[in-house]
2 protein chains.
Amino acid sequence: MTACEKIMAIVSGKAPADLVLKGGRLVIVLYGEIYQADLAIDSGKIVAQGKIKGRKEVKLGGKLICPGFIDSHVHIESSLVTIPEFSRTVVPLGTTTVVIDPHEIANVMGLDGIKYMLKTSKYQPLSVYLMLSSCVPASNLETSGSELRAMDLYPYADQEWILGLGEMMNFPAVIDCDPDVLDKIKLFEGKKIDGHAPGLTGKKLCGYIAMGIESDHECTTVEEAREKLRLGMTIMIREGGTAKNLKDLLPLVTPGTVGRCLFCTDDRNPSDLLGEGHINFMIKKSIELGLDPVAAIKMATVNAARYFGLRNSGAIAPGYIADLAVVDDLKNFNVVQVYKNGDLVAENGEMVHPPPPPARKEVLRGSINIRWLKEDYFAIPARGSRCRLIELVPEQIITKQAVIKPAVKEGVVVADPKRDILKLAVVERHLASSNLGLGLVRGFGLKKGAIASSVAHDSHNIIVVGTNNADMLEAVVKIRKIQGGLTVVADGELVGALPLPIAGLMSERSMKEVQRELAELTAVTRDLGVKIPDPFMALSFLALPVIPELKLTDQGLVDVDKFKIVDLFVK
Amino acid sequence: MTACEKIMAIVSGKAPADLVLKGGRLVIVLYGEIYQADLAIDSGKIVAQGKIKGRKEVKLGGKLICPGFIDSHVHIESSLVTIPEFSRTVVPLGTTTVVIDPHEIANVMGLDGIKYMLKTSKYQPLSVYLMLSSCVPASNLETSGSELRAMDLYPYADQEWILGLGEMMNFPAVIDCDPDVLDKIKLFEGKKIDGHAPGLTGKKLCGYIAMGIESDHECTTVEEAREKLRLGMTIMIREGGTAKNLKDLLPLVTPGTVGRCLFCTDDRNPSDLLGEGHINFMIKKSIELGLDPVAAIKMATVNAARYFGLRNSGAIAPGYIADLAVVDDLKNFNVVQVYKNGDLVAENGEMVHPPPPPARKEVLRGSINIRWLKEDYFAIPARGSRCRLIELVPEQIITKQAVIKPAVKEGVVVADPKRDILKLAVVERHLASSNLGLGLVRGFGLKKGAIASSVAHDSHNIIVVGTNNADMLEAVVKIRKIQGGLTVVADGELVGALPLPIAGLMSERSMKEVQRELAELTAVTRDLGVKIPDPFMALSFLALPVIPELKLTDQGLVDVDKFKIVDLFVK
């Protein structure tokens, strides 16, 4: 029987469909309404609404059938787990498609990292599309593990699972018409190019958009988002681990604009995923905040499918892929069943089948390449009496710049835990170049020991904060020993560690284990005096030289507004 | 200077843009609002909003700037003129893009006709995209000039100006899984497939849609359209020459559905185009009927662009093609200027430049292939006393079937003008097969003479209605003489003619001349007693065997509901 004959046999009652969902209420995002109807599915696709016999029939008693949810922009690395494990976490939450930008692993591993992500995406009950990382490295003020030029991306541009070019963070380079950036844009003409332009406005924003950049997920105010929408951009409203914009941006969504508003999580940590949820949480919260439920579900489904050109995706209609999330009701919004290509893949929060073992284990090279280090590498000779200091801003990834008089002992600047002034270092870990940047930071509250991480956006060198050089050295050495991850050292002893052996970014273990270990490790830092809720997250953004005001890379302190390396000492 | 450098020089004020439209009110279909801002255009594209210097500056004093209008489904042949002439008519009305289905000429000329349409589309100030005709011939109950099988369409499927497969009228063949129809559908997977399924409903409609057919323009009631929208179809609301559905369907358009509603004209005659207008008329009328103006303009612009995947088209935003219609105000909705790729191409209803002469005249073979005919070919031997009769329905293309006692003279059925019973014949004109179908019709009011036309949907054989055989023969002979067109004969003499030498469907002259001549010819038929407003339109649909109830083809009388040839005589 041809596919057509099968379909026509089903609609004419001559043959049963693979599956009929009976008595559910269909969320018709294409029409803006919810109504009760039986839904017939065959060969992984929706065939028809109406009374049809099914080989298997499932009674849903008024539960809501939504199209499966789509995360329009996410860095899975930020969840510290592999794609299969991420999938196992988010699929039971109703997510059936994610559009990832493997920017973190690409900064460490380059194309090997991207290939790894492509390979580990296979055979998951989750469609994983890639936007190719556009900005590796993110800046020239840090040392990354790789540089991806247009020529490197070329062979990937036409691959099936590649939807386009990932967030073009380097908007100054676009405006400066940097030739390699323009090559990248040209390479993806006819595909999608995602933007990333916080605060860009007016005619320069027009110029950026005119180059073909179509979306932005960095808006923090309605005014900013409104200007971008008016100028034709699609707005991805983000509810990440740190950057939570949903509540602020929701007033943007009106009947006139809803079609170009999507949901994304960008970076989301294990505890938010396991605690709050994923896109299902964004829908639920939007409804609580007063958004029309069908509009919210539309943002999470067909809008993203249409933006990315995913055919027959994101809606309940004949011929559409049967990716479905069954939800108890609009208030509780508990996802009770998830169908992928018409197969039940998750029920009541758990996967129906254990994830398939990978065809072969994907082996990546070790990513921690450091030459031998000595304690005195961390010493800061006191070349002046006033120092720049990085001031944490609670719950944000921006920092403030302060100038302080540091404590000096025997001619070197030392940490001063009483004033909460700690030493900060970034150790280059890709090329074993021995690059090491040194600075001071305030806001952690650490009283003794050191905390280190090989997750340090965007180049992911090793960042370490501490009260003394010996512990800082030991924390870095221990990261090398576990081939990447998070370490806590006190009095020269390792008091806690979370290994992240995949590129120094991801664990091979389960999301729940990672969450538990991270919680335990955070508790260990509390014992050492840390007061902020998520010291590892805070630490990981201190090396990101594209977010204001003062950051530290392996090349030194970066004044982000001036976009240049500055001296630790102020004259 | 690279394109990027030029854009950035313009937005930073270092270089002027080609053109700045100053003081206009921008219709932002992507956001659902209208606001005043200057608009800079360069190299055919919109660059930015805001204060920018232009090499040329045009003051618009509060006039509305809309994206250029898009007709999502039109058979240009029905306007009786060539594409350049159609273009000259509709571009000053704000239309900058049309999606045509060359179904009429394809039925006469096959691929030669499609190639002719592609060639004559070139270098026009109108983007002419094609949907390849899916149903040539429209049925097997008539003789067409060509048969287009999937293999014939294959070489065209990937061409730049081909957007997909035109209206799949033969929905019974889809539901019957006809292999060649399925081949055509398969050929256009990943492109667009337009539908045409009047009255198809329920699970069979689901089956039709599940095969990948995405739109319908045949809805006549809100209920019908609503079902199709709910099932995922895009609805093209039609305001044609005969089929006028705008008023009836407008209640369909809500904030939840507007994104999937488009405008089309399907078949529109010269007097409607010159009198009422084109898509501009549909917008104006929608606004008059109470639709939100921006919603109406959205349906006429970006919705069609998105449906057909026309990138950077249909909206006012940086990077978008500068196809613009400047309108005086929302009430009068007079199109005062039209820009195509940033060039002023029409002003105050006239083209700015005369249309460019074609690079070379496209010569098509003659399409009127008839063997010698004799008067007695039109004789109907009286094989019975009761005949089927085609009953015209005023202003509609459907007919009713009646049974009457015909007038009989010397053993043959004759016309009986007193009872308004006329003879009708369809003469095959493609293959010189001598096929000739005979019937009776009521409703024209013709008292003497005969009226003939080589426009006779969908196979476009020659159809002739008359009071006597001699005049009917002469009317057909004269059509052969002028190589296609419309003729009126009385007392053996030609009393009027409109030559349509291009495939027997189109004139080489201007729309205005064609309109005038058609009006004169219609006046001539009035002198002969015709009472209906548009006898040539009515005549042209009497040979269309896919529209109920009783039609006549060269193969005989067709009972459309039974979809078979029936005898003229009833037992």
# chains A, B, ... in the order shown; residues from 1 in each chain; ligands from 1
>>> closest_atom_pairs(of="chain A", to="chain B", cutoff="7 Å", atoms="only C-alpha atoms", output="CSV")
residue,atom,partner,partner_atom,distance
A:Cys4,CA,B:Cys177,CA,5.9
A:Glu5,CA,B:Cys177,CA,6.1
A:Ile7,CA,B:Gly207,CA,6.1
A:Met8,CA,B:Gly207,CA,5.9
A:Val11,CA,B:Lys203,CA,5.2
A:Ile28,CA,B:Arg230,CA,7.0
A:Leu30,CA,B:Gly232,CA,6.5
A:Tyr31,CA,B:Thr257,CA,5.3
A:Gly32,CA,B:Gly256,CA,4.9
A:Val47,CA,B:Ala210,CA,6.0
A:Ala48,CA,B:Cys206,CA,5.1
A:Gln49,CA,B:Lys203,CA,6.9
A:Gly50,CA,B:Lys203,CA,6.8
A:Ile175,CA,B:Met8,CA,6.3
A:Cys177,CA,B:Cys4,CA,5.9
A:Lys203,CA,B:Val11,CA,5.2
A:Lys204,CA,B:Val11,CA,6.0
A:Cys206,CA,B:Ala48,CA,5.1
A:Gly207,CA,B:Met8,CA,5.9
A:Ile209,CA,B:Pro318,CA,5.8
A:Ala210,CA,B:Gly319,CA,3.9
A:Met211,CA,B:Gly319,CA,6.5
A:Gly212,CA,B:Gly319,CA,6.3
A:Leu229,CA,B:Tyr31,CA,6.7
A:Arg230,CA,B:Tyr31,CA,5.6
A:Leu231,CA,B:Ala317,CA,5.1
A:Gly232,CA,B:Ala317,CA,5.3
A:Pro255,CA,B:Pro255,CA,5.8
A:Gly256,CA,B:Gly32,CA,4.9
A:Thr257,CA,B:Tyr31,CA,5.4
A:Ala317,CA,B:Leu231,CA,5.1
A:Pro318,CA,B:Ala210,CA,4.4
A:Gly319,CA,B:Ala210,CA,3.9
>>> residues_around(residues="Asp328 (chain A)", least_positions_apart="4", cutoff="6 Å", atoms="only C-alpha atoms", output="list in words")
Lys63, Phe333 and Asn334 of chain A
>>> select_by_dssp(residues="region 56-266 of chain B", states="strand (DSSP E)", output="PyMOL selection string")
chain B and resi 56-59+64-67+69-74+95-100+127-132+162-168+192-195+215-216+234-238+261-264
>>> residues_around(residues="region 488-495 of chain B", least_positions_apart="2", cutoff="7 Å", atoms="only C-alpha atoms", output="PyMOL selection string")
chain B and resi 448-452+470-471+474-475+497
>>> write_last_selection(atoms="C-alpha atoms", output="PDB file, in the first residue's frame")
ATOM      1  CA  LYS B 448     -31.004  35.703 -34.035  1.00  0.00           C
ATOM      2  CA  GLY B 449     -27.496  34.814 -35.140  1.00  0.00           C
ATOM      3  CA  ALA B 450     -24.732  33.060 -33.186  1.00  0.00           C
ATOM      4  CA  ILE B 451     -22.017  33.855 -30.684  1.00  0.00           C
ATOM      5  CA  ALA B 452     -18.756  31.908 -30.526  1.00  0.00           C
ATOM      6  CA  ALA B 470     -25.585  28.434 -40.698  1.00  0.00           C
ATOM      7  CA  ASP B 471     -24.738  31.273 -38.340  1.00  0.00           C
ATOM      8  CA  GLU B 474     -20.009  30.953 -39.758  1.00  0.00           C
ATOM      9  CA  ALA B 475     -19.176  32.105 -36.218  1.00  0.00           C
ATOM     10  CA  ALA B 497     -15.212  40.128 -33.403  1.00  0.00           C
TER      11      ALA B 497
END
>>> select_by_dssp(residues="region 250-328 of chain A", states="helix (DSSP H, G or I)", output="PyMOL selection string")
chain A and resi 250-252+258-260+270-275+279-288+293-299+302-308
>>> residues_around(residues="Asn269 (chain A)", least_positions_apart="5", cutoff="12 Å", atoms="only C-alpha atoms", output="PyMOL selection string")
chain A and resi 74-81+86+89+239-243+274-278+506+511-512+514-515+518-519+534+536-537
>>> atom_distance(atom1="CA of Asp420 (chain B)", atom2="CA of Lys405 (chain B)")
12.7 Å
>>> residues_around(residues="Lys115 (chain B)", least_positions_apart="4", cutoff="10 Å", atoms="only C-alpha atoms", output="list in words")
Pro102, Ala106, Met109, Gly110, Leu111, Lys119, Thr120, Ser121, Tyr156 and Glu362 of chain B
>>> write_last_selection(atoms="N, CA, C and O atoms", output="short mmCIF file (atom, residue, chain, number, x, y, z; two decimals), in the first residue's frame")
data_model
loop_
_atom_site.label_atom_id
_atom_site.label_comp_id
_atom_site.auth_asym_id
_atom_site.auth_seq_id
_atom_site.Cartn_x
_atom_site.Cartn_y
_atom_site.Cartn_z
N PRO B 102 -0.61 29.12 -15.02
CA PRO B 102 -0.89 29.26 -16.45
C PRO B 102 -1.75 28.13 -16.98
O PRO B 102 -1.48 27.55 -18.03
N ALA B 106 -1.86 26.47 -20.72
CA ALA B 106 -1.29 25.12 -20.68
C ALA B 106 -2.26 24.10 -21.27
O ALA B 106 -1.86 23.13 -21.90
N MET B 109 -1.73 24.84 -25.06
CA MET B 109 -0.39 24.78 -25.64
C MET B 109 0.59 23.89 -24.87
O MET B 109 1.75 23.77 -25.27
N GLY B 110 0.18 23.41 -23.73
CA GLY B 110 1.09 22.59 -22.93
C GLY B 110 2.30 23.37 -22.47
O GLY B 110 2.21 24.55 -22.12
N LEU B 111 3.44 22.71 -22.49
CA LEU B 111 4.67 23.35 -22.00
C LEU B 111 5.03 24.59 -22.81
O LEU B 111 5.62 25.53 -22.28
N LYS B 119 8.60 33.41 -20.28
CA LYS B 119 9.40 34.37 -21.06
C LYS B 119 8.81 35.77 -21.02
O LYS B 119 9.53 36.75 -20.87
N THR B 120 7.49 35.85 -21.17
CA THR B 120 6.88 37.19 -21.21
C THR B 120 6.80 37.82 -19.83
O THR B 120 6.46 38.99 -19.70
N SER B 121 7.12 37.05 -18.79
CA SER B 121 7.16 37.62 -17.43
C SER B 121 8.43 38.42 -17.19
O SER B 121 8.51 39.22 -16.26
N TYR B 156 10.90 21.55 -14.61
CA TYR B 156 10.56 22.91 -14.15
C TYR B 156 10.52 23.03 -12.63
O TYR B 156 10.51 24.14 -12.10
N GLU B 362 7.70 36.99 -28.82
CA GLU B 362 7.50 35.58 -28.60
C GLU B 362 6.44 35.09 -29.56
O GLU B 362 5.31 35.55 -29.52
#
>>> residues_around(residues="Gly94 (chain B)", least_positions_apart="6", cutoff="8 Å", atoms="only C-alpha atoms", output="list in words")
Gly68, Phe69, Ile279, Asn280, Leu324, Ala325, Val326, Val335, Gln337 and Val338 of chain B
>>> atom_distance(atom1="CA of Lys447 (chain B)", atom2="CA of Asp272 (chain B)")
27.8 Å
>>> residues_around(residues="Pro16 (chain B)", least_positions_apart="2", cutoff="6 Å", atoms="only C-alpha atoms", output="list in words")
Ile10, Lys53, Gly54 and Arg55 of chain B
